[in-house]
file run-v8.pdb (PDB, C-alpha atoms and all ligand atoms)
ATOM      1  CA  MET W   1      65.691 112.412  78.083
ATOM      2  CA  ARG W   2      67.666 109.467  79.350
ATOM      3  CA  VAL W   3      70.790 109.488  81.484
ATOM      4  CA  THR W   4      73.401 106.802  82.019
ATOM      5  CA  VAL W   5      76.505 106.708  84.192
ATOM      6  CA  ASP W   6      79.771 104.828  83.859
ATOM      7  CA  ARG W   7      80.763 103.953  87.374
ATOM      8  CA  GLN W   8      84.158 102.683  86.190
ATOM      9  CA  ARG W   9      85.046 106.246  85.224
ATOM     10  CA  CYS W  10      83.525 107.936  88.272
ATOM     11  CA  ILE W  11      85.995 109.393  90.759
ATOM     12  CA  GLY W  12      83.361 110.221  93.390
ATOM     13  CA  SER W  13      83.654 113.989  93.261
ATOM     14  CA  GLY W  14      79.950 114.405  94.027
ATOM     15  CA  MET W  15      79.356 117.252  91.570
ATOM     16  CA  CYS W  16      76.379 115.434  90.072
ATOM     17  CA  VAL W  17      74.753 115.001  93.475
ATOM     18  CA  ILE W  18      75.214 118.668  94.292
ATOM     19  CA  THR W  19      73.704 119.612  90.941
ATOM     20  CA  ALA W  20      70.752 117.207  90.732
ATOM     21  CA  ASP W  21      70.175 115.106  93.814
ATOM     22  CA  GLU W  22      66.823 113.949  92.462
ATOM     23  CA  VAL W  23      68.722 111.905  89.861
ATOM     24  CA  PHE W  24      72.162 111.164  91.313
ATOM     25  CA  ALA W  25      73.382 109.814  94.628
ATOM     26  CA  GLN W  26      76.670 108.412  95.886
ATOM     27  CA  ARG W  27      77.166 104.868  97.069
ATOM     28  CA  ASP W  28      77.894 104.487 100.760
ATOM     29  CA  GLU W  29      80.592 101.912 100.021
ATOM     30  CA  ASP W  30      82.946 103.926  97.846
ATOM     31  CA  GLY W  31      81.352 107.278  97.002
ATOM     32  CA  THR W  32      80.858 106.465  93.340
ATOM     33  CA  VAL W  33      77.739 107.572  91.555
ATOM     34  CA  ARG W  34      74.421 105.795  91.899
ATOM     35  CA  LEU W  35      71.651 106.586  89.439
ATOM     36  CA  LEU W  36      68.253 107.085  91.081
ATOM     37  CA  THR W  37      66.357 107.174  87.792
ATOM     38  CA  ALA W  38      67.299 106.722  84.143
ATOM     39  CA  GLU W  39      64.356 108.731  82.825
ATOM     40  CA  VAL W  40      64.803 112.426  83.504
ATOM     41  CA  ALA W  41      61.699 114.482  84.227
ATOM     42  CA  ASP W  42      61.273 117.579  82.055
ATOM     43  CA  GLU W  43      61.899 119.994  84.905
ATOM     44  CA  LEU W  44      65.251 118.347  85.711
ATOM     45  CA  ARG W  45      66.721 118.294  82.207
ATOM     46  CA  ASP W  46      68.772 121.449  82.473
ATOM     47  CA  ARG W  47      70.332 120.412  85.765
ATOM     48  CA  VAL W  48      71.124 116.907  84.520
ATOM     49  CA  ARG W  49      72.810 118.377  81.441
ATOM     50  CA  GLN W  50      74.747 120.676  83.747
ATOM     51  CA  ALA W  51      75.769 117.714  85.911
ATOM     52  CA  ALA W  52      77.092 115.916  82.825
ATOM     53  CA  HIS W  53      79.023 119.051  81.880
ATOM     54  CA  LEU W  54      80.483 119.467  85.361
ATOM     55  CA  CYS W  55      81.464 115.834  85.881
ATOM     56  CA  PRO W  56      85.275 115.854  85.965
ATOM     57  CA  SER W  57      85.569 112.307  84.645
ATOM     58  CA  ARG W  58      82.915 112.502  81.905
ATOM     59  CA  ALA W  59      81.061 109.613  83.510
ATOM     60  CA  ILE W  60      77.578 110.941  82.747
ATOM     61  CA  THR W  61      75.920 110.589  79.344
ATOM     62  CA  VAL W  62      72.593 112.131  78.420
ATOM     63  CA  SER W  63      70.615 111.152  75.355
ATOM     64  CA  ALA W  64      67.245 111.780  73.813
ATOM     65  CA  GLY W  65      64.539 109.245  74.103
ATOM     66  CA  PRO W  66      62.367 107.421  74.117
ATOM     67  CA  GLU W  67      60.481 110.575  73.140
ATOM     68  CA  VAL W  68      62.002 112.940  70.602
ATOM     69  CA  GLU W  69      63.433 116.110  72.114
ATOM     70  CA  ARG W  70      62.289 119.380  70.582
TER      71      ARG W  70
HETATM   72  S1  LIG H   1      80.224 114.166  89.064
HETATM   73 FE1  LIG H   1      81.060 112.450  87.860
HETATM   74  S2  LIG H   1      82.864 111.790  88.991
HETATM   75 FE2  LIG H   1      81.637 113.040  90.394
HETATM   76  S3  LIG H   1      80.357 111.560  91.517
HETATM   77 FE3  LIG H   1      79.165 112.292  89.750
HETATM   78  S4  LIG H   1      79.592 110.779  88.119
HETATM   79 FE4  LIG H   1      81.161 110.538  89.689
END

call {"tool": "encode", "arguments": {"input": "run-v8.pdb", "output": "C-alpha cells", "more": "lines below"}}
Ligand code: SF4
result
Amino acid sequence: MRVTVDRQRCIGSGMCVITADEVFAQRDEDGTVRLLTAEVADELRDRVRQAAHLCPSRAITVSAGPEVER
C-alpha cells in the first residue's frame, strides 16, 4: 500500500501523527504533515487507513501498489 499527502490541504491537526507516528510526522516550521515513508508496511495498513479517515482536511490518500492488495 502506498500513501501520499497533500500538504496544501493539511491544517496541522496532528491526527495522523497520533494514529501512525511510524508514517507521519509534523514539520517543525508550521506543523503541517511530513511523510516519513510512502510505502506502508503490512502491519501499519489499518492505522494508516484510519489516519486517512480521521484527517479533517482529507489530505491523506492511500492506494494499492505496487503489489496488488488482496
Ligand atoms: S491529520 Fe490531516 S490535517 Fe492533520 S496533520 Fe495529518 S494530514 Fe494534516

call {"tool": "resolve_selection", "arguments": {"input": "run-v8.pdb", "expression": "the PyMOL selection byres (((chain W and resi 34) around 6) and not hetatm)", "output": "PyMOL selection string"}}
result
chain W and resi 24-27+33+35

call {"tool": "write_last_selection", "arguments": {"input": "run-v8.pdb", "atoms": "C-alpha atoms", "output": "PDB file, in the frame of the given file"}}
result
ATOM      1  CA  PHE W  24      72.162 111.164  91.313  1.00  0.00           C
ATOM      2  CA  ALA W  25      73.382 109.814  94.628  1.00  0.00           C
ATOM      3  CA  GLN W  26      76.670 108.412  95.886  1.00  0.00           C
ATOM      4  CA  ARG W  27      77.166 104.868  97.069  1.00  0.00           C
ATOM      5  CA  VAL W  33      77.739 107.572  91.555  1.00  0.00           C
ATOM      6  CA  LEU W  35      71.651 106.586  89.439  1.00  0.00           C
TER       7      LEU W  35
END

call {"tool": "resolve_selection", "arguments": {"input": "run-v8.pdb", "expression": "the PyMOL selection byres (((not hetatm)) within 7 of (chain H and resi 1))", "output": "NGL selection string"}}
result
:W and (5 or 7 or 10-17 or 26 or 32-33 or 51 or 54-60)

call {"tool": "atom_distance", "arguments": {"input": "run-v8.pdb", "atom1": "CA of Val3 (chain W)", "atom2": "CA of Gln50 (chain W)"}}
result
12.1 Å

call {"tool": "closest_residue", "arguments": {"input": "run-v8.pdb", "among": "W:Val62, W:Arg47, W:His53, W:Glu39", "to": "Ile18 (chain W)", "atoms": "only C-alpha atoms"}}
result
W:Arg47

call {"tool": "atom_distance", "arguments": {"input": "run-v8.pdb", "atom1": "CA of Gly65 (chain W)", "atom2": "CA of Gly31 (chain W)"}}
result
28.5 Å

call {"tool": "atom_distance", "arguments": {"input": "run-v8.pdb", "atom1": "CA of Thr19 (chain W)", "atom2": "CA of Leu36 (chain W)"}}
result
13.7 Å

call {"tool": "build_atoms", "arguments": {"input": "run-v8.pdb", "residues": "region 47-61 of chain W", "atoms": "N, CA and C atoms", "output": "short mmCIF file (atom, residue, chain, number, x, y, z; two decimals), in the frame of the given file"}}
result
data_model
loop_
_atom_site.label_atom_id
_atom_site.label_comp_id
_atom_site.auth_asym_id
_atom_site.auth_seq_id
_atom_site.Cartn_x
_atom_site.Cartn_y
_atom_site.Cartn_z
N ARG W 47 69.37 120.72 84.70
CA ARG W 47 70.33 120.41 85.76
C ARG W 47 71.09 119.12 85.49
N VAL W 48 70.43 118.15 84.86
CA VAL W 48 71.12 116.91 84.52
C VAL W 48 72.16 117.16 83.42
N ARG W 49 71.82 118.00 82.46
CA ARG W 49 72.81 118.38 81.44
C ARG W 49 73.99 119.10 82.09
N GLN W 50 73.69 119.96 83.06
CA GLN W 50 74.75 120.68 83.75
C GLN W 50 75.62 119.69 84.53
N ALA W 51 75.00 118.72 85.16
CA ALA W 51 75.77 117.71 85.91
C ALA W 51 76.72 116.96 84.98
N ALA W 52 76.23 116.61 83.79
CA ALA W 52 77.09 115.92 82.82
C ALA W 52 78.26 116.81 82.42
N HIS W 53 77.98 118.10 82.27
CA HIS W 53 79.02 119.05 81.88
C HIS W 53 80.06 119.22 82.99
N LEU W 54 79.59 119.22 84.23
CA LEU W 54 80.48 119.47 85.36
C LEU W 54 81.27 118.24 85.80
N CYS W 55 80.81 117.07 85.42
CA CYS W 55 81.46 115.83 85.88
C CYS W 55 82.92 115.82 85.42
N PRO W 56 83.86 115.77 86.35
CA PRO W 56 85.28 115.85 85.96
C PRO W 56 85.79 114.62 85.23
N SER W 57 85.08 113.52 85.31
CA SER W 57 85.57 112.31 84.64
C SER W 57 84.70 111.89 83.46
N ARG W 58 83.78 112.79 83.06
CA ARG W 58 82.92 112.50 81.90
C ARG W 58 82.22 111.15 82.06
N ALA W 59 81.70 110.90 83.24
CA ALA W 59 81.06 109.61 83.51
C ALA W 59 79.56 109.63 83.25
N ILE W 60 79.03 110.80 82.92
CA ILE W 60 77.58 110.94 82.75
C ILE W 60 77.28 111.19 81.28
N THR W 61 76.34 110.42 80.74
CA THR W 61 75.92 110.59 79.34
C THR W 61 74.43 110.84 79.30
#
